[in-house]
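Source file: target.txt; contents: compact mmCIF, C-alpha atoms and all ligand atoms.
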# COMPACT_ATOMS: atom_id res chain seq x y z
CA MET A 1 1.04 -31.64 -20.66
CA THR A 2 4.13 -29.49 -20.16
CA ASP A 3 3.99 -26.05 -18.62
CA ALA A 4 5.00 -23.20 -20.90
CA PHE A 5 5.77 -21.08 -17.84
CA ASP A 6 7.08 -21.64 -14.35
CA VAL A 7 4.87 -18.87 -13.02
CA ILE A 8 1.95 -16.79 -14.27
CA VAL A 9 1.36 -13.52 -12.43
CA VAL A 10 -2.13 -11.99 -12.65
CA GLY A 11 -1.96 -8.21 -12.10
CA THR A 12 1.15 -6.11 -12.74
CA ARG A 13 1.06 -3.13 -10.41
CA CYS A 14 2.90 -2.73 -7.07
CA ALA A 15 2.72 -6.40 -6.12
CA GLY A 16 2.66 -8.23 -9.45
CA ALA A 17 5.33 -6.35 -11.42
CA PRO A 18 8.09 -6.72 -8.77
CA THR A 19 7.13 -10.37 -8.27
CA ALA A 20 7.43 -11.01 -12.00
CA MET A 21 10.68 -9.02 -12.16
CA LEU A 22 12.35 -10.82 -9.25
CA LEU A 23 11.34 -14.26 -10.54
CA ALA A 24 12.53 -13.46 -14.06
CA ARG A 25 15.83 -12.20 -12.67
CA LYS A 26 16.27 -15.60 -11.04
CA GLY A 27 15.85 -17.20 -14.44
CA TYR A 28 12.27 -18.47 -14.16
CA ARG A 29 9.94 -18.39 -17.16
CA VAL A 30 7.36 -15.79 -16.20
CA LEU A 31 4.17 -14.60 -17.87
CA ALA A 32 2.56 -11.54 -16.28
CA VAL A 33 -0.80 -10.22 -17.43
CA ASP A 34 -2.98 -7.26 -16.57
CA ARG A 35 -6.28 -6.12 -17.99
CA ALA A 36 -4.98 -2.53 -17.73
CA THR A 37 -2.44 -0.87 -20.01
CA PHE A 38 0.50 1.14 -18.68
CA PRO A 39 0.92 3.96 -17.87
CA SER A 40 -2.50 4.16 -16.22
CA ASP A 41 -3.94 5.40 -12.95
CA THR A 42 -5.79 3.51 -10.26
CA VAL A 43 -7.87 4.70 -7.30
CA SER A 44 -5.10 5.08 -4.74
CA THR A 45 -2.96 7.75 -3.23
CA HIS A 46 0.67 6.83 -3.27
CA MET A 47 2.90 7.47 -0.30
CA VAL A 48 5.96 5.31 -0.84
CA HIS A 49 7.52 5.09 2.61
CA PRO A 50 11.32 4.95 3.07
CA LEU A 51 11.56 1.15 3.31
CA ALA A 52 9.69 0.86 0.01
CA VAL A 53 12.11 3.40 -1.45
CA ARG A 54 14.92 1.18 -0.17
CA ALA A 55 13.36 -1.76 -2.04
CA LEU A 56 13.29 0.31 -5.24
CA SER A 57 16.93 1.15 -4.65
CA ASN A 58 17.86 -2.50 -4.04
CA TRP A 59 16.09 -3.44 -7.27
CA GLY A 60 18.03 -0.74 -9.20
CA LEU A 61 14.89 1.32 -9.90
CA LEU A 62 15.30 4.34 -7.63
CA LYS A 63 17.22 6.34 -10.20
CA SER A 64 14.34 5.92 -12.67
CA LEU A 65 11.98 7.35 -10.08
CA GLU A 66 14.29 10.22 -9.15
CA GLU A 67 14.64 11.12 -12.82
CA THR A 68 10.89 11.74 -13.03
CA GLY A 69 11.39 14.80 -10.80
CA CYS A 70 9.23 13.48 -7.97
CA PRO A 71 10.14 15.56 -4.86
CA PRO A 72 11.65 13.63 -1.93
CA ILE A 73 9.91 13.85 1.47
CA ASP A 74 12.14 13.96 4.55
CA THR A 75 9.65 14.97 7.26
CA TYR A 76 6.31 13.58 8.40
CA ALA A 77 4.26 16.03 10.52
CA PHE A 78 1.19 15.01 12.55
CA ASP A 79 -0.91 17.98 13.64
CA PHE A 80 -3.22 17.05 16.52
CA GLY A 81 -4.55 20.61 16.97
CA PRO A 82 -2.91 21.66 20.23
CA PHE A 83 0.49 20.30 19.15
CA THR A 84 2.34 18.83 16.15
CA ILE A 85 4.69 15.86 16.12
CA ALA A 86 7.19 16.22 13.27
CA GLY A 87 9.97 13.72 12.63
CA ALA A 88 12.16 11.94 10.11
CA PRO A 89 10.41 8.79 8.79
CA GLY A 90 13.38 6.86 7.49
CA THR A 91 16.74 5.46 8.40
CA GLU A 92 20.27 6.56 7.57
CA GLU A 93 20.38 4.34 4.50
CA ALA A 94 16.76 5.09 3.48
CA PRO A 95 16.09 8.63 4.68
CA VAL A 96 13.30 9.81 2.38
CA ALA A 97 9.86 8.90 1.11
CA TYR A 98 8.24 9.80 -2.21
CA CYS A 99 4.66 10.28 -3.34
CA PRO A 100 4.89 9.34 -7.04
CA ARG A 101 1.78 9.22 -9.19
CA ARG A 102 0.75 5.63 -9.86
CA THR A 103 0.87 6.42 -13.59
CA VAL A 104 4.62 6.86 -13.10
CA LEU A 105 5.48 4.29 -10.40
CA ASP A 106 3.53 1.39 -11.89
CA LYS A 107 5.00 2.01 -15.35
CA ILE A 108 8.55 1.91 -13.93
CA LEU A 109 7.72 -1.43 -12.28
CA VAL A 110 6.11 -2.91 -15.41
CA ASP A 111 9.04 -1.84 -17.58
CA ALA A 112 11.49 -3.38 -15.07
CA ALA A 113 9.62 -6.70 -15.15
CA ARG A 114 9.74 -6.72 -18.94
CA ALA A 115 13.44 -5.76 -18.96
CA ALA A 116 14.14 -8.65 -16.57
CA GLY A 117 12.77 -11.08 -19.16
CA ALA A 118 9.19 -11.64 -18.02
CA GLU A 119 6.62 -11.80 -20.81
CA LEU A 120 4.14 -8.98 -20.15
CA ARG A 121 0.69 -8.92 -21.69
CA GLU A 122 -1.28 -5.74 -21.14
CA SER A 123 -5.03 -5.47 -21.92
CA PHE A 124 -5.29 -9.14 -21.01
CA THR A 125 -8.14 -10.22 -18.70
CA VAL A 126 -8.07 -13.50 -16.81
CA ASP A 127 -11.49 -15.17 -16.96
CA GLU A 128 -10.76 -18.53 -15.36
CA VAL A 129 -8.14 -20.34 -13.29
CA PRO A 130 -8.38 -23.96 -14.51
CA ILE A 131 -8.05 -26.56 -11.77
CA GLU A 132 -6.92 -30.16 -12.34
CA ASN A 133 -6.95 -32.68 -9.48
CA GLY A 134 -7.54 -29.85 -7.02
CA ARG A 135 -4.56 -27.83 -8.28
CA ALA A 136 -4.42 -24.49 -10.14
CA VAL A 137 -2.65 -25.21 -13.43
CA GLY A 138 -2.75 -21.92 -15.34
CA ILE A 139 -5.12 -19.29 -16.65
CA LYS A 140 -7.74 -18.84 -19.32
CA GLY A 141 -8.17 -15.30 -20.54
CA HIS A 142 -8.42 -12.97 -23.47
CA SER A 143 -6.81 -9.85 -24.91
CA ARG A 144 -9.17 -6.97 -25.61
CA GLY A 145 -11.38 -8.18 -28.45
CA GLY A 146 -9.30 -11.36 -28.78
CA ALA A 147 -10.14 -15.06 -28.71
CA PRO A 148 -9.84 -17.08 -25.47
CA VAL A 149 -6.28 -18.15 -24.66
CA ASN A 150 -5.04 -20.93 -22.31
CA GLU A 151 -1.67 -20.76 -20.59
CA ARG A 152 -0.20 -23.29 -18.17
CA ALA A 153 2.28 -22.82 -15.32
CA LYS A 154 3.52 -24.57 -12.21
CA VAL A 155 2.26 -21.71 -10.05
CA VAL A 156 -0.35 -19.00 -10.61
CA ILE A 157 0.16 -15.84 -8.55
CA GLY A 158 -2.77 -13.59 -7.79
CA ALA A 159 -1.45 -10.02 -7.67
CA ASP A 160 -4.83 -8.78 -8.74
CA GLY A 161 -5.81 -6.50 -5.90
CA ARG A 162 -8.63 -6.37 -3.39
CA GLN A 163 -11.23 -7.89 -5.70
CA SER A 164 -8.78 -10.64 -6.59
CA PHE A 165 -10.21 -12.94 -9.24
CA VAL A 166 -7.58 -15.55 -8.34
CA ALA A 167 -8.57 -15.51 -4.65
CA GLU A 168 -12.23 -15.68 -5.55
CA ALA A 169 -11.63 -18.67 -7.82
CA LEU A 170 -9.45 -20.58 -5.34
CA THR A 171 -11.17 -19.52 -2.08
CA PRO A 172 -8.26 -19.44 0.40
CA GLU A 173 -9.22 -19.08 4.05
CA SER A 174 -9.71 -15.46 5.30
CA TYR A 175 -9.01 -14.37 8.86
CA ASP A 176 -9.01 -11.34 11.16
CA GLU A 177 -11.47 -9.57 8.88
CA LYS A 178 -12.83 -6.12 9.67
CA PRO A 179 -15.35 -4.13 7.61
CA PRO A 180 -14.52 -0.77 5.98
CA LEU A 181 -13.86 1.79 8.71
CA LEU A 182 -13.03 4.96 6.81
CA ALA A 183 -14.21 6.72 3.65
CA ALA A 184 -11.82 9.11 1.94
CA TYR A 185 -11.60 11.35 -1.11
CA TYR A 186 -8.57 12.91 -2.71
CA ALA A 187 -7.66 15.43 -5.40
CA TYR A 188 -4.53 17.11 -6.74
CA TRP A 189 -3.84 20.80 -6.20
CA SER A 190 -1.35 23.23 -7.72
CA GLY A 191 0.11 26.18 -5.82
CA LEU A 192 0.29 24.27 -2.53
CA PRO A 193 4.00 23.95 -1.68
CA MET A 194 4.95 21.29 0.87
CA ASP A 195 8.72 21.81 1.26
CA GLY A 196 9.53 18.11 1.50
CA ARG A 197 6.87 17.43 4.14
CA PHE A 198 4.07 14.90 4.37
CA GLU A 199 1.49 16.52 6.65
CA THR A 200 -1.38 14.84 8.47
CA TYR A 201 -4.09 16.66 10.42
CA ILE A 202 -6.08 14.79 13.04
CA ARG A 203 -9.36 16.36 14.16
CA GLU A 204 -12.59 15.19 15.78
CA ARG A 205 -13.81 12.20 13.72
CA ARG A 206 -11.98 13.68 10.73
CA GLY A 207 -8.49 13.54 9.27
CA PHE A 208 -6.64 14.65 6.20
CA ALA A 209 -3.17 14.46 4.72
CA ALA A 210 -1.15 16.25 2.05
CA ALA A 211 2.00 15.28 0.16
CA PRO A 212 3.89 16.70 -2.81
CA THR A 213 3.87 14.70 -6.04
CA HIS A 214 4.82 15.14 -9.71
CA ASP A 215 4.34 18.25 -11.83
CA GLY A 216 4.37 20.66 -8.90
CA MET A 217 1.11 19.23 -7.60
CA THR A 218 0.10 18.25 -4.08
CA MET A 219 -2.17 15.32 -3.28
CA VAL A 220 -4.69 16.07 -0.51
CA ILE A 221 -6.78 13.22 0.90
CA VAL A 222 -9.63 13.79 3.39
CA GLY A 223 -11.39 11.11 5.43
CA TRP A 224 -14.40 10.58 7.68
CA PRO A 225 -15.83 7.50 9.40
CA TYR A 226 -17.38 4.91 7.11
CA ALA A 227 -20.67 5.35 8.98
CA GLU A 228 -20.93 8.77 7.27
CA PHE A 229 -20.01 7.44 3.82
CA ALA A 230 -23.52 7.37 2.35
CA ALA A 231 -24.65 10.70 3.79
CA ASN A 232 -21.47 12.60 2.89
CA LYS A 233 -21.44 11.23 -0.65
CA GLU A 234 -24.20 13.71 -1.45
CA ASP A 235 -21.74 16.60 -1.06
CA ILE A 236 -18.18 15.41 -1.38
CA GLU A 237 -16.62 18.80 -2.03
CA GLY A 238 -18.55 20.49 0.80
CA ASN A 239 -17.47 17.84 3.31
CA TYR A 240 -13.91 17.82 1.98
CA LEU A 241 -13.57 21.59 2.40
CA LYS A 242 -15.34 21.59 5.80
CA THR A 243 -12.78 19.09 7.03
CA ILE A 244 -9.87 21.17 5.73
CA ALA A 245 -11.37 24.21 7.49
CA MET A 246 -10.92 22.38 10.81
CA ALA A 247 -7.16 23.04 10.54
CA GLU A 248 -6.65 26.78 10.72
CA SER A 249 -3.03 26.60 9.67
CA PHE A 250 -3.72 24.56 6.54
CA ALA A 251 -7.04 26.01 5.30
CA PRO A 252 -5.59 29.31 3.97
CA ARG A 253 -2.90 27.37 2.09
CA LEU A 254 -5.56 25.31 0.31
CA ALA A 255 -7.67 28.42 -0.32
CA ASP A 256 -4.71 29.88 -2.24
CA ALA A 257 -4.27 26.69 -4.27
CA LYS A 258 -6.10 25.46 -7.39
CA ARG A 259 -7.75 22.05 -7.65
CA MET A 260 -6.51 20.38 -10.84
CA THR A 261 -8.46 17.11 -10.84
CA ARG A 262 -11.80 15.60 -9.85
CA TYR A 263 -12.22 13.98 -6.46
CA ALA A 264 -11.63 10.24 -6.34
CA GLY A 265 -12.61 8.20 -3.32
CA ALA A 266 -12.74 4.79 -1.73
CA ALA A 267 -13.51 2.74 1.36
CA VAL A 268 -11.86 -0.64 1.75
CA PRO A 269 -12.32 -3.77 3.87
CA ASN A 270 -9.55 -5.13 6.11
CA TYR A 271 -8.55 -8.80 5.91
CA PHE A 272 -5.87 -11.45 5.77
CA ARG A 273 -6.08 -14.32 3.30
CA LYS A 274 -3.97 -17.44 3.46
CA PRO A 275 -1.58 -16.47 0.64
CA TYR A 276 -1.11 -19.86 -0.97
CA GLY A 277 -2.73 -23.15 -1.82
CA SER A 278 -2.32 -25.95 -4.31
CA GLY A 279 -0.60 -24.40 -7.33
CA PHE A 280 -1.17 -20.79 -6.38
CA ALA A 281 0.05 -17.86 -4.27
CA LEU A 282 -1.24 -14.38 -3.46
CA VAL A 283 0.74 -11.14 -3.09
CA GLY A 284 -0.25 -7.56 -2.28
CA ASP A 285 -3.87 -6.60 -1.65
CA ALA A 286 -5.03 -9.94 -3.05
CA GLY A 287 -3.64 -11.59 0.09
CA TYR A 288 -3.81 -8.92 2.76
CA ASN A 289 -5.46 -5.52 3.01
CA ARG A 290 -5.47 -2.84 5.62
CA ASP A 291 -7.11 0.56 5.52
CA PHE A 292 -5.11 3.11 3.52
CA ILE A 293 -4.92 5.62 6.40
CA THR A 294 -1.33 4.58 7.12
CA GLY A 295 -0.42 4.29 3.42
CA GLN A 296 1.21 0.89 3.87
CA GLY A 297 -0.11 -0.90 0.75
CA ILE A 298 2.80 -0.27 -1.58
CA LEU A 299 5.39 -1.11 1.08
CA ASP A 300 3.44 -4.28 1.91
CA ALA A 301 3.19 -5.20 -1.77
CA PHE A 302 6.95 -4.77 -2.24
CA ARG A 303 7.69 -6.83 0.90
CA ASP A 304 5.27 -9.57 -0.21
CA SER A 305 7.00 -9.73 -3.59
CA GLU A 306 10.38 -10.31 -1.99
CA LEU A 307 9.12 -12.83 0.58
CA CYS A 308 6.96 -14.73 -1.90
CA VAL A 309 9.71 -14.91 -4.53
CA ALA A 310 12.22 -16.18 -1.96
CA ALA A 311 9.76 -18.90 -0.92
CA LEU A 312 8.83 -19.82 -4.49
CA ASP A 313 12.48 -20.01 -5.46
CA LEU A 314 13.03 -22.61 -2.74
CA ALA A 315 9.99 -24.57 -3.89
CA LEU A 316 10.56 -24.34 -7.65
CA SER A 317 14.23 -25.31 -7.32
CA GLY A 318 13.26 -28.34 -5.23
CA ARG A 319 15.12 -27.23 -2.10
CA ARG A 320 11.93 -27.15 -0.01
CA SER A 321 8.41 -28.40 -0.36
CA PHE A 322 5.96 -25.83 -1.73
CA ASP A 323 3.80 -26.03 1.39
CA ALA A 324 6.68 -25.57 3.85
CA ALA A 325 8.20 -22.66 1.91
CA MET A 326 4.87 -20.91 1.47
CA ALA A 327 3.85 -21.45 5.10
CA ASP A 328 7.02 -19.52 5.98
CA TYR A 329 6.01 -16.76 3.58
CA GLN A 330 2.64 -16.49 5.31
CA ARG A 331 4.22 -16.54 8.78
CA GLN A 332 6.78 -13.86 7.94
CA ARG A 333 4.17 -11.64 6.29
CA ASP A 334 1.79 -11.90 9.24
CA VAL A 335 4.48 -11.28 11.87
CA GLN A 336 5.72 -8.22 10.00
CA VAL A 337 2.33 -6.59 9.52
CA LYS A 338 0.26 -7.71 12.52
CA SER A 339 0.85 -4.75 14.83
CA MET A 340 0.55 -2.27 11.95
CA TYR A 341 -2.75 -3.93 11.03
CA GLU A 342 -4.16 -3.32 14.52
CA PHE A 343 -2.73 0.21 14.68
CA THR A 344 -4.12 1.05 11.24
CA CYS A 345 -7.58 -0.33 11.98
CA GLY A 346 -7.63 1.67 15.24
CA LEU A 347 -6.66 4.89 13.48
CA ALA A 348 -9.15 4.32 10.67
CA THR A 349 -12.09 4.54 13.07
CA LEU A 350 -11.09 8.21 13.62
CA GLU A 351 -12.17 7.77 17.24
CA PRO A 352 -10.15 9.90 19.69
CA PRO A 353 -7.20 7.95 21.11
CA PRO A 354 -7.64 6.53 24.63
CA PRO A 355 -6.36 8.88 27.39
CA GLU A 356 -3.09 7.00 27.97
CA MET A 357 -2.28 7.21 24.26
CA SER A 358 -3.07 10.95 24.19
CA GLU A 359 -0.70 11.41 27.13
CA LEU A 360 1.98 9.46 25.30
CA PHE A 361 1.60 11.57 22.15
CA GLN A 362 1.88 14.75 24.23
CA ALA A 363 5.04 13.38 25.79
CA VAL A 364 6.44 12.56 22.33
CA HIS A 365 5.88 16.16 21.23
CA GLY A 366 9.13 18.09 21.63
CA ASN A 367 11.30 14.99 22.22
CA ARG A 368 13.39 14.87 19.03
CA GLU A 369 14.25 11.18 19.17
CA ALA A 370 10.70 10.15 20.12
CA MET A 371 9.25 12.31 17.33
CA ASP A 372 11.50 10.56 14.80
CA ARG A 373 10.41 7.20 16.18
CA PHE A 374 6.75 8.28 15.93
CA ALA A 375 7.29 9.28 12.28
CA GLN A 376 9.15 5.99 11.66
CA MET A 377 6.29 4.02 13.18
CA ASN A 378 3.72 5.73 10.95
CA ALA A 379 5.97 5.08 7.96
CA GLY A 380 6.27 1.38 8.79
CA THR A 381 10.02 1.78 9.34
CA ILE A 382 9.59 0.41 12.86
CA ARG A 383 6.62 -1.63 14.01
CA PRO A 384 3.91 -0.14 16.25
CA ALA A 385 4.66 -3.08 18.57
CA GLU A 386 8.16 -1.60 19.06
CA PHE A 387 6.99 1.97 19.51
CA PHE A 388 4.30 0.98 22.04
CA ALA A 389 6.50 -1.56 23.87
CA PRO A 390 6.45 -0.88 27.65
CA GLU A 391 10.16 0.06 27.80
CA SER A 392 9.80 2.48 24.86
CA VAL A 393 6.71 4.12 26.44
CA ALA A 394 8.44 4.33 29.84
CA GLU A 395 11.46 6.02 28.26
CA ILE A 396 9.31 8.64 26.51
CA MET A 397 7.20 9.32 29.61
CA SER A 398 10.21 9.65 31.90
CA ALA A 399 11.96 12.02 29.46
CA ALA A 400 8.82 14.18 29.46
CA ALA A 401 8.58 14.12 33.26
C1 LIG A 501 -7.91 5.66 -1.52
C2 LIG A 501 -6.66 4.83 -1.37
C3 LIG A 501 -5.49 5.44 -0.98
C4 LIG A 501 -4.32 4.67 -0.82
N1 LIG A 501 -3.17 5.30 -0.46
C5 LIG A 501 -2.01 4.60 -0.36
C6 LIG A 501 -0.79 5.25 -0.06
O1 LIG A 501 -0.70 6.47 0.12
N2 LIG A 501 0.34 4.47 0.03
C7 LIG A 501 0.29 3.13 -0.15
O2 LIG A 501 1.34 2.48 -0.01
N3 LIG A 501 -0.86 2.49 -0.44
C8 LIG A 501 -2.00 3.20 -0.57
N4 LIG A 501 -3.17 2.55 -0.89
C9 LIG A 501 -3.14 1.09 -1.06
C10 LIG A 501 -2.55 0.70 -2.42
O3 LIG A 501 -3.29 1.32 -3.45
C11 LIG A 501 -2.61 -0.80 -2.60
O4 LIG A 501 -2.19 -1.46 -1.43
C12 LIG A 501 -1.75 -1.25 -3.78
O5 LIG A 501 -2.22 -0.69 -4.97
C13 LIG A 501 -1.77 -2.76 -3.88
O6 LIG A 501 -1.12 -3.15 -5.06
P1 LIG A 501 -1.53 -4.52 -5.78
O7 LIG A 501 -0.55 -4.65 -6.89
O8 LIG A 501 -1.69 -5.58 -4.76
O9 LIG A 501 -3.00 -4.28 -6.36
P2 LIG A 501 -3.55 -3.22 -7.40
O10 LIG A 501 -2.76 -1.97 -7.39
O11 LIG A 501 -5.02 -3.13 -7.11
O12 LIG A 501 -3.33 -3.90 -8.83
C14 LIG A 501 -4.07 -5.03 -9.22
C15 LIG A 501 -3.96 -5.18 -10.73
O13 LIG A 501 -4.59 -6.41 -11.08
C16 LIG A 501 -5.27 -6.24 -12.31
N5 LIG A 501 -6.33 -7.24 -12.39
C17 LIG A 501 -7.35 -7.46 -11.52
N6 LIG A 501 -8.13 -8.47 -11.95
C18 LIG A 501 -7.60 -8.91 -13.12
C19 LIG A 501 -7.96 -9.93 -14.04
N7 LIG A 501 -9.03 -10.74 -13.84
N8 LIG A 501 -7.20 -10.09 -15.16
C20 LIG A 501 -6.11 -9.29 -15.37
N9 LIG A 501 -5.73 -8.32 -14.52
C21 LIG A 501 -6.46 -8.12 -13.42
C22 LIG A 501 -5.81 -4.83 -12.24
O14 LIG A 501 -6.05 -4.31 -13.54
C23 LIG A 501 -4.69 -4.08 -11.50
O15 LIG A 501 -3.81 -3.43 -12.41
C24 LIG A 501 -4.35 3.28 -1.05
C25 LIG A 501 -5.54 2.67 -1.44
C26 LIG A 501 -6.68 3.42 -1.62
C27 LIG A 501 -7.95 2.75 -2.06

Would you mind writing the file's structure down as structure tokens?
Amino acid sequence: MTDAFDVIVVGTRCAGAPTAMLLARKGYRVLAVDRATFPSDTVSTHMVHPLAVRALSNWGLLKSLEETGCPPIDTYAFDFGPFTIAGAPGTEEAPVAYCPRRTVLDKILVDAARAAGAELRESFTVDEVPIENGRAVGIKGHSRGGAPVNERAKVVIGADGRQSFVAEALTPESYDEKPPLLAAYYAYWSGLPMDGRFETYIRERRGFAAAPTHDGMTMVIVGWPYAEFAANKEDIEGNYLKTIAMAESFAPRLADAKRMTRYAGAAVPNYFRKPYGSGFALVGDAGYNRDFITGQGILDAFRDSELCVAALDLALSGRRSFDAAMADYQRQRDVQVKSMYEFTCGLATLEPPPPEMSELFQAVHGNREAMDRFAQMNAGTIRPAEFFAPESVAEIMSAAA
């Protein structure tokens, strides 16, 4: 049997749509399906850090985002109570972040995949990944209310999120797993100006963050340890507002604002999955997930798309074996995210930092260059492994002394 497609991508949000777009731009025959329709929302806040903005720019999509009127963010501020570390999160070529609603961002990505020549089917649910001789060979699925459909491809890509159907069907090995550590709820507020700042407040076993988004609204997300998830669920608004009240400088600003939406919330597990196997690959949350406290998911999804497409291109064009190319994809992904994974999982416990880390943060405060590096680390612009490297720490401590 011949394959109608080179690649079928399951899921077309932050990971799937760019993957489909980049493959189609290389001339591959791509089918991309999602059970959702676009524009549509998903349970996720949406900090798009500067390196993800750079990816949008490289793909020719930044102008589309700018035209939606989403305000740029040039400063990240971390309020620890006694002091605040505020710095620039980006680089010279990628200086700002954005916090675009997923209704807007995901639609731009889906449209770009379609414009690149990928066949997009919305409202299409994948029900089965057929396997022949141990190899994924396509999908079986259906449109809403439609009859079952079979499609074949050389490679099936799971870009279908944390509850990935593709990963569940093909059972790749998982490693370095950690249970949910944090529970968080968010809502959108009007009348809460942010002046181009993403603000985070760190308090005892609590944290919250605010960022400006579309339509003059500000997204405010509040978190507590996962151990309190069940108890605090009984009174989400009460716990949300109690947490905000822990930051005296922010509470009056929220009191003057108006909540425009319901609260949405989530708690997520942390894991790596081997992102490939016979006839398939995984990108985005389907292959790797870390708590959302550092807002890395969209950046990771964009990076996965680029790495996975580069590897698949080598394999599909016969320049490298599939296994060798995809092993490189896995290696590069893991090297890039490993120290952020540990840093994120540590933060997500909301435990106070160990004394030497508290001392370091105090030393960062007031040191312009170190504050920028701190903001860059939290944005994923530089790796935590670089920020916490002995020579970097020594430099910050000696400047403070
Ligand atoms: C509360 C919360 C806050 C977050 N905040 C941030 C943040 O500020 N910044 C950030 O970068 N990241 C954030 N994240 C993480 C971010 O949401 C994810 O990392 C990102 O959405 C991953 O994109 P994805 O394309 O891999 O998966 P998803 O966005 O989950 O998309 C998967 C798609 O697959 C489709 N799908 C699934 N199964 C099937 C099927 N069987 N058939 C057809 N289609 C299917 C779904 O309909 C969906 O559209 C947050 C997450 C949460 C939960």

Discussion item. I want to know what sits within 8 Å of Ile108 in chain A, based on all atoms listed in the file, with residues of the same chain fewer than 2 positions away left out; could you give that as a PyMOL selection string?
Written reply: chain A and resi 61+64-65+104-106+110-112

Give one line per residue of chain A that approaches ligand LIG 501 (chain A) to at most 6 Å, naming the two atoms of the closest pair and their distance in Å to one decimal, counting all atoms listed in the file; sort by chain then ascending residue number and deliver it as JSON lines.
{"residue": "A:Val10", "atom": "CA", "partner": "A:LIG501", "partner_atom": "N9", "distance": 5.5}
{"residue": "A:Gly11", "atom": "CA", "partner": "A:LIG501", "partner_atom": "O13", "distance": 3.3}
{"residue": "A:Thr12", "atom": "CA", "partner": "A:LIG501", "partner_atom": "C15", "distance": 5.6}
{"residue": "A:Arg13", "atom": "CA", "partner": "A:LIG501", "partner_atom": "O7", "distance": 4.2}
{"residue": "A:Cys14", "atom": "CA", "partner": "A:LIG501", "partner_atom": "O7", "distance": 4.0}
{"residue": "A:Ala15", "atom": "CA", "partner": "A:LIG501", "partner_atom": "O7", "distance": 3.8}
{"residue": "A:Gly16", "atom": "CA", "partner": "A:LIG501", "partner_atom": "O7", "distance": 5.4}
{"residue": "A:Val33", "atom": "CA", "partner": "A:LIG501", "partner_atom": "C20", "distance": 5.8}
{"residue": "A:Asp34", "atom": "CA", "partner": "A:LIG501", "partner_atom": "N9", "distance": 3.6}
{"residue": "A:Arg35", "atom": "CA", "partner": "A:LIG501", "partner_atom": "C20", "distance": 4.1}
{"residue": "A:Ala36", "atom": "CA", "partner": "A:LIG501", "partner_atom": "O14", "distance": 4.7}
{"residue": "A:Val43", "atom": "CA", "partner": "A:LIG501", "partner_atom": "C27", "distance": 5.6}
{"residue": "A:Ser44", "atom": "CA", "partner": "A:LIG501", "partner_atom": "C2", "distance": 3.7}
{"residue": "A:Thr45", "atom": "CA", "partner": "A:LIG501", "partner_atom": "N1", "distance": 3.7}
{"residue": "A:His46", "atom": "CA", "partner": "A:LIG501", "partner_atom": "O1", "distance": 3.7}
{"residue": "A:Met47", "atom": "CA", "partner": "A:LIG501", "partner_atom": "O1", "distance": 3.8}
{"residue": "A:Val48", "atom": "CA", "partner": "A:LIG501", "partner_atom": "O2", "distance": 5.5}
{"residue": "A:Phe124", "atom": "CA", "partner": "A:LIG501", "partner_atom": "C20", "distance": 5.7}
{"residue": "A:Thr125", "atom": "CA", "partner": "A:LIG501", "partner_atom": "N8", "distance": 3.7}
{"residue": "A:Val126", "atom": "CA", "partner": "A:LIG501", "partner_atom": "N8", "distance": 3.9}
{"residue": "A:Asp127", "atom": "CA", "partner": "A:LIG501", "partner_atom": "N7", "distance": 6.0}
{"residue": "A:Ala159", "atom": "CA", "partner": "A:LIG501", "partner_atom": "O8", "distance": 5.3}
{"residue": "A:Asp160", "atom": "CA", "partner": "A:LIG501", "partner_atom": "O13", "distance": 3.3}
{"residue": "A:Gly161", "atom": "CA", "partner": "A:LIG501", "partner_atom": "O9", "distance": 3.6}
{"residue": "A:Ser164", "atom": "CA", "partner": "A:LIG501", "partner_atom": "N6", "distance": 5.8}
{"residue": "A:Phe165", "atom": "CA", "partner": "A:LIG501", "partner_atom": "N7", "distance": 5.2}
{"residue": "A:Gly265", "atom": "CA", "partner": "A:LIG501", "partner_atom": "C1", "distance": 5.6}
{"residue": "A:Ala266", "atom": "CA", "partner": "A:LIG501", "partner_atom": "C1", "distance": 4.9}
{"residue": "A:Gly284", "atom": "CA", "partner": "A:LIG501", "partner_atom": "O8", "distance": 3.5}
{"residue": "A:Asp285", "atom": "CA", "partner": "A:LIG501", "partner_atom": "O8", "distance": 3.9}
{"residue": "A:Ala286", "atom": "CA", "partner": "A:LIG501", "partner_atom": "O8", "distance": 5.8}
{"residue": "A:Phe292", "atom": "CA", "partner": "A:LIG501", "partner_atom": "C24", "distance": 4.6}
{"residue": "A:Gly295", "atom": "CA", "partner": "A:LIG501", "partner_atom": "N2", "distance": 3.5}
{"residue": "A:Gln296", "atom": "CA", "partner": "A:LIG501", "partner_atom": "O2", "distance": 4.2}
{"residue": "A:Gly297", "atom": "CA", "partner": "A:LIG501", "partner_atom": "O4", "distance": 3.1}
{"residue": "A:Ile298", "atom": "CA", "partner": "A:LIG501", "partner_atom": "O2", "distance": 3.5}
{"residue": "A:Leu299", "atom": "CA", "partner": "A:LIG501", "partner_atom": "O2", "distance": 5.5}
{"residue": "A:Ala301", "atom": "CA", "partner": "A:LIG501", "partner_atom": "O8", "distance": 5.7}

Discussion item. Distance cut-off 12 Å, centre (-16.3, 17.8, -0.1) in file coordinates, counting all atoms listed in the file: which residues qualify? Return them as a PyMOL selection string.
Written reply: chain A and resi 183-187+208+220-224+229+231-245+262-265

Worksheet item: Nearest to Leu56 in chain A: which of A:Met219, A:Ala401, A:Ala97, A:Ala281 is it, counting all atoms listed in the file?
Response: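 Looking only at the distances to Leu56 in chain A, the closest residue turns out to be A:Ala97.
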